[in-house]
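> Structure supplied as structure-v6.txt; contents: compact mmCIF, C-alpha atoms.
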```txt
# COMPACT_ATOMS: atom_id res chain seq x y z
CA MET A 236 22.63 -41.06 28.59
CA ILE A 237 26.11 -42.17 29.67
CA SER A 238 29.60 -41.05 28.70
CA ILE A 239 32.04 -43.20 26.74
CA GLU A 240 34.25 -43.43 29.83
CA GLU A 241 31.30 -44.75 31.85
CA LEU A 242 30.49 -47.21 29.06
CA LYS A 243 34.04 -48.58 29.14
CA GLN A 244 33.74 -49.22 32.87
CA MET A 245 30.45 -51.11 32.59
CA LYS A 246 30.08 -54.85 32.19
CA GLU A 247 29.74 -55.85 28.55
CA ALA A 248 26.26 -56.47 27.22
CA GLU A 249 26.50 -60.08 26.16
CA SER A 250 22.90 -61.06 25.40
CA LYS A 251 20.88 -57.89 24.82
CA PRO A 252 21.56 -54.32 23.68
CA TYR A 253 22.12 -51.45 26.07
CA GLN A 254 18.99 -49.38 26.63
CA LYS A 255 21.10 -46.41 27.68
CA SER A 256 22.49 -44.09 25.02
CA ILE A 257 25.86 -42.53 24.25
CA ARG A 258 26.47 -39.25 22.48
CA ALA A 259 29.63 -38.97 20.35
CA ASN A 260 31.33 -37.21 17.48
CA VAL A 261 32.36 -39.41 14.56
CA VAL A 262 36.08 -38.66 14.32
CA LYS A 263 36.90 -41.28 11.68
CA CYS A 264 34.86 -43.55 9.42
CA SER A 265 36.44 -46.38 7.42
CA THR A 266 35.48 -47.58 3.98
CA LYS A 267 33.04 -50.46 3.71
CA THR A 268 34.37 -54.02 3.85
CA ASN A 269 32.61 -57.03 2.33
CA TYR A 270 32.47 -60.26 4.32
CA LYS A 271 30.44 -63.47 4.64
CA ASN A 272 28.46 -64.23 7.78
CA ALA A 273 28.12 -67.65 9.43
CA LYS A 274 25.52 -68.61 6.81
CA GLN A 275 27.95 -67.64 4.02
CA GLU A 276 25.73 -64.69 3.10
CA ASP A 277 27.36 -61.54 1.66
CA ARG A 278 27.37 -58.71 4.17
CA VAL A 279 29.02 -55.31 4.70
CA LEU A 280 30.69 -53.78 7.74
CA TYR A 281 32.68 -50.64 8.50
CA HIS A 282 34.43 -49.09 11.49
CA LEU A 283 34.09 -45.82 13.38
CA ALA A 284 36.26 -43.86 15.82
CA LEU A 285 33.96 -42.14 18.30
CA ALA A 286 34.74 -39.56 20.97
CA ASP A 287 33.03 -37.42 23.58
CA HIS A 288 34.37 -35.17 26.37
CA SER A 289 35.45 -38.18 28.46
CA ALA A 290 37.09 -40.75 26.15
CA SER A 291 37.23 -42.34 22.71
CA ILE A 292 36.12 -45.77 21.53
CA LYS A 293 36.02 -47.92 18.41
CA ALA A 294 32.70 -48.97 16.88
CA THR A 295 31.96 -51.61 14.26
CA CYS A 296 28.78 -51.15 12.25
CA TYR A 297 27.06 -54.12 10.60
CA ASN A 298 24.25 -52.02 9.12
CA GLU A 299 25.36 -50.08 6.05
CA ASP A 300 22.09 -48.13 6.09
CA PHE A 301 23.75 -45.98 8.77
CA TYR A 302 26.71 -45.05 6.55
CA GLN A 303 25.49 -41.54 5.65
CA GLN A 304 24.52 -40.76 9.24
CA THR A 305 27.92 -41.82 10.54
CA LYS A 306 30.15 -39.84 8.18
CA GLU A 307 33.25 -38.16 9.62
CA GLY A 308 32.36 -34.88 11.30
CA ASN A 309 28.83 -35.89 12.25
CA ALA A 310 27.64 -36.19 15.83
CA ILE A 311 25.29 -39.02 16.76
CA ILE A 312 23.31 -40.53 19.60
CA ILE A 313 23.45 -44.34 19.69
CA ARG A 314 21.20 -46.69 21.62
CA ASN A 315 20.34 -50.40 21.49
CA PHE A 316 23.95 -51.36 20.82
CA LEU A 317 26.19 -54.17 22.07
CA THR A 318 29.78 -54.05 23.27
CA LYS A 319 32.58 -56.57 22.92
CA ASN A 320 36.19 -56.10 24.00
CA ASN A 321 35.55 -52.36 24.46
CA VAL A 322 34.14 -52.02 20.93
CA VAL A 323 30.65 -50.67 20.29
CA ILE A 324 28.74 -53.11 18.06
CA ILE A 325 26.09 -51.49 15.86
CA THR A 326 23.46 -53.83 14.39
CA LYS A 327 20.10 -53.57 12.65
CA GLN A 328 18.48 -53.24 16.09
CA THR A 329 20.59 -50.20 16.94
CA LYS A 330 19.03 -46.75 16.78
CA ILE A 331 21.08 -43.77 15.55
CA ALA A 332 20.07 -40.11 15.47
CA ARG A 333 22.14 -37.08 14.40
CA LEU A 334 22.76 -33.93 16.41
CA LYS A 335 25.02 -30.88 16.27
CA PRO A 336 28.74 -31.73 16.67
CA PHE A 337 30.31 -30.63 19.95
CA THR A 338 33.79 -29.79 21.20
CA ILE A 339 36.18 -32.63 22.06
CA PRO A 340 39.36 -32.09 24.14
CA PRO A 341 42.44 -32.17 21.85
CA GLU A 342 44.07 -35.14 23.61
CA ILE A 343 40.91 -37.26 23.27
CA LEU A 344 40.51 -36.18 19.64
CA GLN A 345 44.07 -37.37 18.90
CA GLU A 346 43.39 -40.64 20.71
CA ALA A 347 40.33 -41.17 18.51
CA GLU A 348 42.30 -40.31 15.35
CA ASN A 349 44.68 -43.15 16.21
CA ILE A 350 41.97 -45.79 16.67
CA LEU A 351 41.51 -46.56 12.97
CA GLN A 352 44.89 -45.28 11.81
CA PRO A 353 47.45 -45.85 14.58
CA PRO A 354 50.81 -44.05 14.29
CA ALA A 355 53.19 -45.86 11.98
CA PRO A 356 56.04 -47.79 13.62
CA PRO A 357 59.46 -46.22 12.88
CA ILE A 358 61.32 -47.40 9.80
CA SER A 359 63.42 -50.50 10.56
CA PRO A 360 66.22 -52.10 8.52
CA ILE A 361 65.01 -55.29 6.83
CA LYS A 362 67.68 -57.30 8.66
CA THR A 363 66.08 -56.14 11.94
CA VAL A 364 62.60 -57.06 10.67
CA LYS A 365 63.77 -60.62 10.05
CA GLY A 366 64.75 -60.90 13.71
CA ALA A 367 61.45 -59.55 15.03
CA LYS A 368 58.76 -61.63 16.74
CA LEU A 369 55.84 -62.88 14.68
CA ARG A 370 52.91 -60.42 14.32
CA THR A 371 55.08 -57.46 15.30
CA LEU A 372 54.02 -54.33 13.41
CA MET A 373 56.88 -52.86 11.37
CA SER A 374 57.58 -50.20 8.75
CA ILE A 375 60.32 -50.46 6.13
CA SER A 376 61.76 -48.52 3.21
CA GLY A 377 63.61 -49.84 0.20
CA THR A 378 63.65 -50.58 -3.50
CA ILE A 379 61.00 -52.77 -5.12
CA THR A 380 62.96 -55.43 -7.01
CA GLU A 381 60.31 -58.07 -7.84
CA GLU A 382 56.57 -58.21 -8.43
CA GLU A 383 54.51 -61.38 -8.79
CA GLU A 384 51.19 -61.81 -10.58
CA THR A 385 48.00 -60.98 -8.69
CA LYS A 386 46.01 -64.09 -7.81
CA ASN A 387 42.86 -65.06 -5.95
CA ILE A 388 42.72 -67.64 -3.16
CA LEU A 389 39.97 -68.85 -0.83
CA VAL A 390 40.19 -67.53 2.74
CA ALA A 391 37.42 -68.73 5.08
CA GLY A 392 35.37 -69.63 2.02
CA GLN A 393 35.75 -66.17 0.47
CA GLU A 394 37.74 -65.36 -2.67
CA THR A 395 40.58 -63.08 -1.62
CA LYS A 396 43.02 -61.16 -3.82
CA LEU A 397 46.77 -61.07 -3.10
CA LYS A 398 50.08 -60.26 -4.71
CA SER A 399 53.69 -60.56 -3.52
CA ILE A 400 56.57 -58.14 -4.02
CA THR A 401 60.20 -58.14 -2.89
CA VAL A 402 61.83 -55.09 -1.34
CA ASN A 403 65.59 -54.58 -0.82
CA ASP A 404 67.46 -52.16 1.42
CA THR A 405 71.16 -52.00 2.20
CA THR A 406 70.84 -54.70 4.88
CA ASP A 407 68.72 -57.44 3.27
CA SER A 408 65.65 -58.22 1.15
CA ILE A 409 62.20 -59.45 2.14
CA LYS A 410 58.99 -60.64 0.50
CA ILE A 411 55.79 -58.73 1.26
CA THR A 412 52.32 -60.15 0.60
CA LEU A 413 49.81 -57.49 -0.39
CA TRP A 414 46.35 -58.61 0.71
CA ARG A 415 42.96 -57.55 -0.63
CA ASP A 416 42.86 -53.85 -1.61
CA ALA A 417 46.62 -53.57 -1.08
CA ALA A 418 47.09 -55.85 -4.11
CA ASP A 419 45.84 -52.92 -6.22
CA PHE A 420 48.64 -50.59 -5.14
CA GLN A 421 50.53 -49.25 -8.15
CA ILE A 422 53.88 -51.03 -8.14
CA GLN A 423 56.88 -49.99 -10.24
CA ILE A 424 60.06 -52.07 -10.23
CA GLY A 425 62.97 -49.89 -9.15
CA SER A 426 60.83 -47.47 -7.14
CA TYR A 427 62.03 -46.54 -3.67
CA VAL A 428 59.09 -46.75 -1.26
CA LYS A 429 58.14 -46.45 2.38
CA ILE A 430 55.61 -49.09 3.53
CA THR A 431 54.06 -48.83 6.98
CA HIS A 432 51.94 -50.98 9.32
CA LEU A 433 53.24 -54.36 8.11
CA SER A 434 52.89 -57.53 10.18
CA VAL A 435 55.76 -60.01 10.57
CA HIS A 436 54.89 -63.57 9.52
CA GLU A 437 56.75 -66.74 8.59
CA PHE A 438 56.32 -69.11 5.64
CA GLN A 439 58.42 -72.22 5.08
CA ASN A 440 60.85 -71.03 7.80
CA ASN A 441 61.37 -67.67 6.05
CA LYS A 442 60.35 -64.38 7.64
CA MET A 443 58.06 -62.25 5.48
CA LEU A 444 55.68 -59.32 5.87
CA ASN A 445 51.93 -59.06 5.35
CA THR A 446 49.95 -55.90 4.78
CA THR A 447 47.28 -54.91 7.32
CA ARG A 448 44.20 -52.74 6.94
CA ASN A 449 46.35 -49.76 8.02
CA THR A 450 49.20 -50.35 5.57
CA GLN A 451 50.21 -47.31 3.53
CA PHE A 452 52.54 -47.07 0.52
CA GLN A 453 54.51 -43.92 -0.27
CA LYS A 454 57.03 -43.40 -3.05
CA ILE A 455 59.90 -41.38 -1.55
CA GLN A 456 63.31 -40.03 -2.50
CA PRO A 457 65.95 -42.70 -1.75
CA PRO A 458 68.49 -41.58 0.85
CA GLN A 459 72.20 -41.30 0.25
CA GLU A 460 74.04 -43.56 2.70
CA GLU A 461 77.67 -44.05 3.59
CA ILE A 462 78.24 -47.81 3.73
CA THR A 463 80.96 -50.42 3.51
CA LEU A 464 80.72 -53.06 0.80
CA THR A 465 82.84 -55.56 -1.09
CA ILE A 466 82.99 -55.50 -4.88
CA TYR A 467 83.30 -59.13 -5.98
CA ALA A 468 82.67 -59.27 -9.72
CA ILE A 469 81.76 -57.41 -12.89
CA GLU A 470 78.47 -58.33 -14.51
CA LYS A 471 78.60 -56.02 -17.50
CA THR A 472 80.07 -52.75 -18.74
CA ASN A 473 79.01 -50.20 -21.31
CA GLN A 474 80.24 -46.79 -22.38
CA GLU A 475 78.80 -45.03 -19.31
CA HIS A 476 78.68 -47.36 -16.32
CA CYS A 477 79.40 -50.81 -14.91
CA THR A 478 77.01 -53.23 -13.25
CA ILE A 479 78.89 -54.95 -10.44
CA ALA A 480 78.18 -57.71 -7.93
CA ILE A 481 78.55 -56.42 -4.38
CA GLN A 482 77.94 -57.57 -0.82
CA ILE A 483 77.09 -54.86 1.68
CA GLU A 484 78.69 -55.22 5.11
CA ASN A 485 76.59 -57.44 7.44
CA ALA A 486 74.24 -58.43 4.60
CA GLU A 487 73.79 -62.13 3.91
CA ASN A 488 73.49 -62.03 0.10
CA CYS A 489 75.14 -60.39 -2.87
CA GLN A 490 73.28 -57.90 -5.03
CA ASN A 491 73.91 -55.81 -8.11
CA ALA A 492 74.83 -52.13 -8.14
CA ASP A 493 75.70 -49.65 -10.85
CA ILE A 494 78.64 -47.27 -10.86
CA ASN A 495 79.81 -44.66 -13.34
CA ASN A 496 82.87 -45.77 -15.31
CA THR A 497 84.80 -42.61 -14.44
CA VAL A 498 84.26 -43.13 -10.70
CA ILE A 499 85.52 -46.72 -10.61
CA MET A 500 88.33 -46.10 -13.10
CA ASP A 501 89.64 -43.13 -11.11
CA TYR A 502 89.60 -45.19 -7.91
CA PHE A 503 91.61 -48.05 -9.42
CA ASN A 504 93.84 -45.70 -11.50
CA ILE A 505 92.76 -47.30 -14.78
CA PRO A 506 93.68 -45.16 -17.81
CA ALA A 507 90.85 -43.69 -19.87
CA ASP A 508 92.11 -45.33 -23.10
CA ILE A 509 91.98 -48.89 -21.72
CA ASP A 510 90.92 -51.41 -24.37
CA ASP A 511 89.11 -53.88 -22.10
CA LEU A 512 87.68 -52.21 -18.98
CA GLU A 513 86.08 -55.40 -17.67
CA GLU A 514 89.39 -57.31 -17.65
CA ALA A 515 91.17 -54.36 -16.05
CA LEU A 516 88.61 -54.15 -13.23
CA ILE A 517 88.66 -57.89 -12.54
CA GLU A 518 92.39 -57.64 -11.77
CA HIS A 519 91.55 -55.43 -8.74
CA LEU A 520 88.80 -57.61 -7.28
CA PRO A 521 87.59 -58.49 -4.71
CA LYS A 522 87.89 -55.11 -3.01
CA THR A 523 86.25 -53.77 0.16
CA VAL A 524 85.49 -50.05 0.00
CA ASN A 525 83.53 -47.29 1.72
CA VAL A 526 81.08 -45.63 -0.63
CA ILE A 527 78.20 -43.19 -0.94
CA PHE A 528 75.28 -45.40 -1.98
CA GLN A 529 71.80 -44.46 -3.22
CA ASN A 530 69.12 -46.87 -4.37
CA GLY A 531 71.40 -49.41 -6.04
CA TYR A 532 73.88 -46.83 -7.36
CA ILE A 533 77.40 -46.13 -6.07
CA ILE A 534 77.81 -42.38 -6.33
CA LYS A 535 81.31 -42.09 -4.92
CA ILE A 536 84.05 -44.36 -3.57
CA LEU A 537 85.45 -42.79 -0.40
CA SER A 538 88.26 -45.16 0.48
```
With the file now loaded, output its structure as structure tokens.

Amino acid sequence: MISIEELKQMKEAESKPYQKSIRANVVKCSTKTNYKNAKQEDRVLYHLALADHSASIKATCYNEDFYQQTKEGNAIIIRNFLTKNNVVIITKQTKIARLKPFTIPPEILQEAENILQPPAPPISPIKTVKGAKLRTLMSISGTITEEEETKNILVAGQETKLKSITVNDTTDSIKITLWRDAADFQIQIGSYVKITHLSVHEFQNNKMLNTTRNTQFQKIQPPQEEITLTIYAIEKTNQEHCTIAIQIENAENCQNADINNTVIMDYFNIPADIDDLEEALIEHLPKTVNVIFQNGYIIKILS
């Protein structure tokens, strides 16, 4: 029996399985994924994060009969396996036996935890995302403003589900394509979300984001931000608030925002008994102001 560290240092088994064995704890086990093999036959695979006292390693299992034996928390001995690019390849010829789990050093355990679910990249402004290199992993937060219909397309001969959404923050907006299971995420227009592990791509000379197998959605409380913007026009008014066309400083496009009538009237010294608020506001525009902004709403005009 060899350690995982020793396995990583050995030459890859290209033509036949290793006869030696490794002993490891299953730290993480992914869900099953359907795919088609070279003969276009339906098959199933899943991934494991394995660790022993020496190191951690990723494994890909092409035999779903092992799924119960390789659940998270189990310990296993594996033999007759292949390796490729420092990944253990488990096939129908592989032999797996269970044993009592053993202690793993904390730093190796954390390393294994990150194999299937790497730490999320820090949140980046959408304007920064659009300047990033292709295939860079990014995380963003913002308001969902558009949702397209889910559709199915053929990818490598397999029907694949996808859906596109648009997310805005105070710097820009971007389209995100939700692939496969991500297309089933519950989307609500107007929700403020954090989306992690997105990959930068380009379509028709426009930067966009694609989900990855590690992408996670989280609905969060939108932050209050102090920003500079220019109020250009009035879209509509009612008894409580105005919808205005604004352009946030350093953003390329205009967007809509709402503001309470009292807030904007106090700022422009418009009397409360004004007959036509829209006409009165237009007289003061365009106007660049500093505001407290939260998820498409101007809470306060500072100056």
> Extract, using all atoms listed in the file, all DNA, RNA and protein residues at most 12 Å from Gly366 of chain A, discarding same-chain residues fewer than 2 positions from it, and format them as a list in words.
Ser359, Pro360, Ile361, Lys362, Thr363, Val364, Lys368, Leu369, Arg370, Thr371, Met373, Asp407, Ile409, Val435, His436, Glu437, Asn441, Lys442 and Met443 of chain A
> Extract, using only C-alpha atoms, all DNA, RNA and protein residues at most 7 Å from Leu317 of chain A, discarding same-chain residues fewer than 6 positions from it, and format them as a VMD selection string.
chain A and resid 248 252 to 253 323 to 325
> I'd like the interatomic distance between atom CA of Thr446 of chain A and atom CA of Lys410 of chain A, to a tenth of an Å.
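Going from atom CA of Thr446 of chain A over to atom CA of Lys410 of chain A covers 11.1 Å.
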> Rounded to one decimal, what separation in Å do you get between atom CA of Gly308 of chain A and atom CA of Pro336 of chain A?
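Between atom CA of Gly308 of chain A and atom CA of Pro336 of chain A the gap is 7.2 Å.
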> Mind running segment 393-440 of chain A against segment 485-508 of chain A at 12 Å and telling me each contacting residue's nearest atom pair with the distance in Å (one decimal), counting all atoms listed in the file, chain and number ascending, as CSV?

```
residue,atom,partner,partner_atom,distance
A:Asn403,CA,A:Gln490,CA,9.4
A:Asp404,CA,A:Ala486,CA,9.8
A:Thr405,CA,A:Ala486,CA,7.5
A:Thr406,CA,A:Ala486,CA,5.1
A:Asp407,CA,A:Ala486,CA,5.8
A:Ser408,CA,A:Asn488,CA,8.8
A:Ile409,CA,A:Asn488,CA,11.8
```
> Output as a CSV table (one decimal), in the coordinates of the input: segment 294-305 of chain A, completed with all heavy atoms.

```csv
chain,number,residue,atom,x,y,z
A,294,ALA,N,34.0,-48.4,17.1
A,294,ALA,CA,32.7,-49.0,16.9
A,294,ALA,C,32.8,-49.7,15.6
A,294,ALA,O,33.4,-49.3,14.6
A,294,ALA,CB,31.6,-47.9,16.8
A,295,THR,N,32.1,-50.8,15.5
A,295,THR,CA,32.0,-51.6,14.3
A,295,THR,C,30.5,-51.7,13.9
A,295,THR,O,29.7,-52.1,14.7
A,295,THR,CB,32.5,-53.0,14.4
A,295,THR,OG1,33.9,-52.9,14.7
A,295,THR,CG2,32.4,-53.8,13.1
A,296,CYS,N,30.2,-51.2,12.7
A,296,CYS,CA,28.8,-51.2,12.2
A,296,CYS,C,28.5,-52.2,11.2
A,296,CYS,O,29.2,-52.3,10.2
A,296,CYS,CB,28.5,-49.8,11.7
A,296,CYS,SG,26.8,-49.6,11.2
A,297,TYR,N,27.5,-53.0,11.5
A,297,TYR,CA,27.1,-54.1,10.6
A,297,TYR,C,25.8,-53.7,9.8
A,297,TYR,O,25.2,-54.6,9.2
A,297,TYR,CB,26.8,-55.4,11.4
A,297,TYR,CG,28.1,-56.0,12.0
A,297,TYR,CD1,28.5,-55.6,13.3
A,297,TYR,CD2,28.9,-56.9,11.3
A,297,TYR,CE1,29.7,-56.1,13.8
A,297,TYR,CE2,30.1,-57.4,11.8
A,297,TYR,CZ,30.4,-57.0,13.1
A,297,TYR,OH,31.6,-57.5,13.6
A,298,ASN,N,25.4,-52.5,9.8
A,298,ASN,CA,24.2,-52.0,9.1
A,298,ASN,C,24.7,-50.9,8.2
A,298,ASN,O,24.8,-49.7,8.7
A,298,ASN,CB,23.2,-51.6,10.1
A,298,ASN,CG,21.9,-51.2,9.4
A,298,ASN,OD1,21.8,-51.1,8.2
A,298,ASN,ND2,20.9,-50.8,10.2
A,299,GLU,N,24.9,-51.1,6.9
A,299,GLU,CA,25.4,-50.1,6.0
A,299,GLU,C,24.3,-49.0,5.8
A,299,GLU,O,24.7,-47.9,5.2
A,299,GLU,CB,25.8,-50.7,4.7
A,299,GLU,CG,24.8,-51.4,3.9
A,299,GLU,CD,25.3,-51.8,2.6
A,299,GLU,OE1,26.2,-51.1,2.0
A,299,GLU,OE2,24.9,-52.9,2.1
A,300,ASP,N,23.1,-49.2,6.2
A,300,ASP,CA,22.1,-48.1,6.1
A,300,ASP,C,22.5,-46.9,6.9
A,300,ASP,O,22.0,-45.8,6.7
A,300,ASP,CB,20.7,-48.6,6.5
A,300,ASP,CG,20.2,-49.7,5.6
A,300,ASP,OD1,20.6,-49.8,4.4
A,300,ASP,OD2,19.3,-50.5,6.0
A,301,PHE,N,23.3,-47.1,7.9
A,301,PHE,CA,23.8,-46.0,8.8
A,301,PHE,C,24.9,-45.2,8.2
A,301,PHE,O,25.4,-44.2,8.8
A,301,PHE,CB,24.1,-46.5,10.2
A,301,PHE,CG,23.0,-47.0,11.0
A,301,PHE,CD1,23.2,-48.2,11.8
A,301,PHE,CD2,21.8,-46.4,11.0
A,301,PHE,CE1,22.1,-48.6,12.6
A,301,PHE,CE2,20.7,-46.8,11.8
A,301,PHE,CZ,20.9,-48.0,12.5
A,302,TYR,N,25.4,-45.6,7.0
A,302,TYR,CA,26.7,-45.0,6.6
A,302,TYR,C,26.7,-43.5,6.4
A,302,TYR,O,27.6,-42.8,6.8
A,302,TYR,CB,27.1,-45.7,5.2
A,302,TYR,CG,28.6,-45.6,4.9
A,302,TYR,CD1,29.5,-46.2,5.7
A,302,TYR,CD2,29.0,-44.8,3.8
A,302,TYR,CE1,30.9,-46.1,5.4
A,302,TYR,CE2,30.4,-44.7,3.5
A,302,TYR,CZ,31.3,-45.3,4.3
A,302,TYR,OH,32.7,-45.2,4.0
A,303,GLN,N,25.6,-43.0,5.8
A,303,GLN,CA,25.5,-41.5,5.6
A,303,GLN,C,25.4,-40.8,7.0
A,303,GLN,O,25.9,-39.7,7.2
A,303,GLN,CB,24.3,-41.2,4.8
A,303,GLN,CG,24.5,-41.6,3.3
A,303,GLN,CD,25.7,-40.9,2.7
A,303,GLN,OE1,25.9,-39.7,2.8
A,303,GLN,NE2,26.5,-41.6,2.0
A,304,GLN,N,24.7,-41.4,7.9
A,304,GLN,CA,24.5,-40.8,9.2
A,304,GLN,C,25.8,-40.7,10.0
A,304,GLN,O,26.0,-39.9,10.9
A,304,GLN,CB,23.5,-41.5,10.1
A,304,GLN,CG,22.0,-41.3,9.6
A,304,GLN,CD,21.1,-42.2,10.4
A,304,GLN,OE1,20.9,-43.4,10.1
A,304,GLN,NE2,20.4,-41.6,11.3
A,305,THR,N,26.7,-41.7,9.7
A,305,THR,CA,27.9,-41.8,10.5
A,305,THR,C,29.2,-41.3,9.8
A,305,THR,O,30.3,-41.8,10.0
A,305,THR,CB,28.1,-43.3,11.0
A,305,THR,OG1,28.1,-44.1,9.8
A,305,THR,CG2,27.0,-43.7,11.9
```
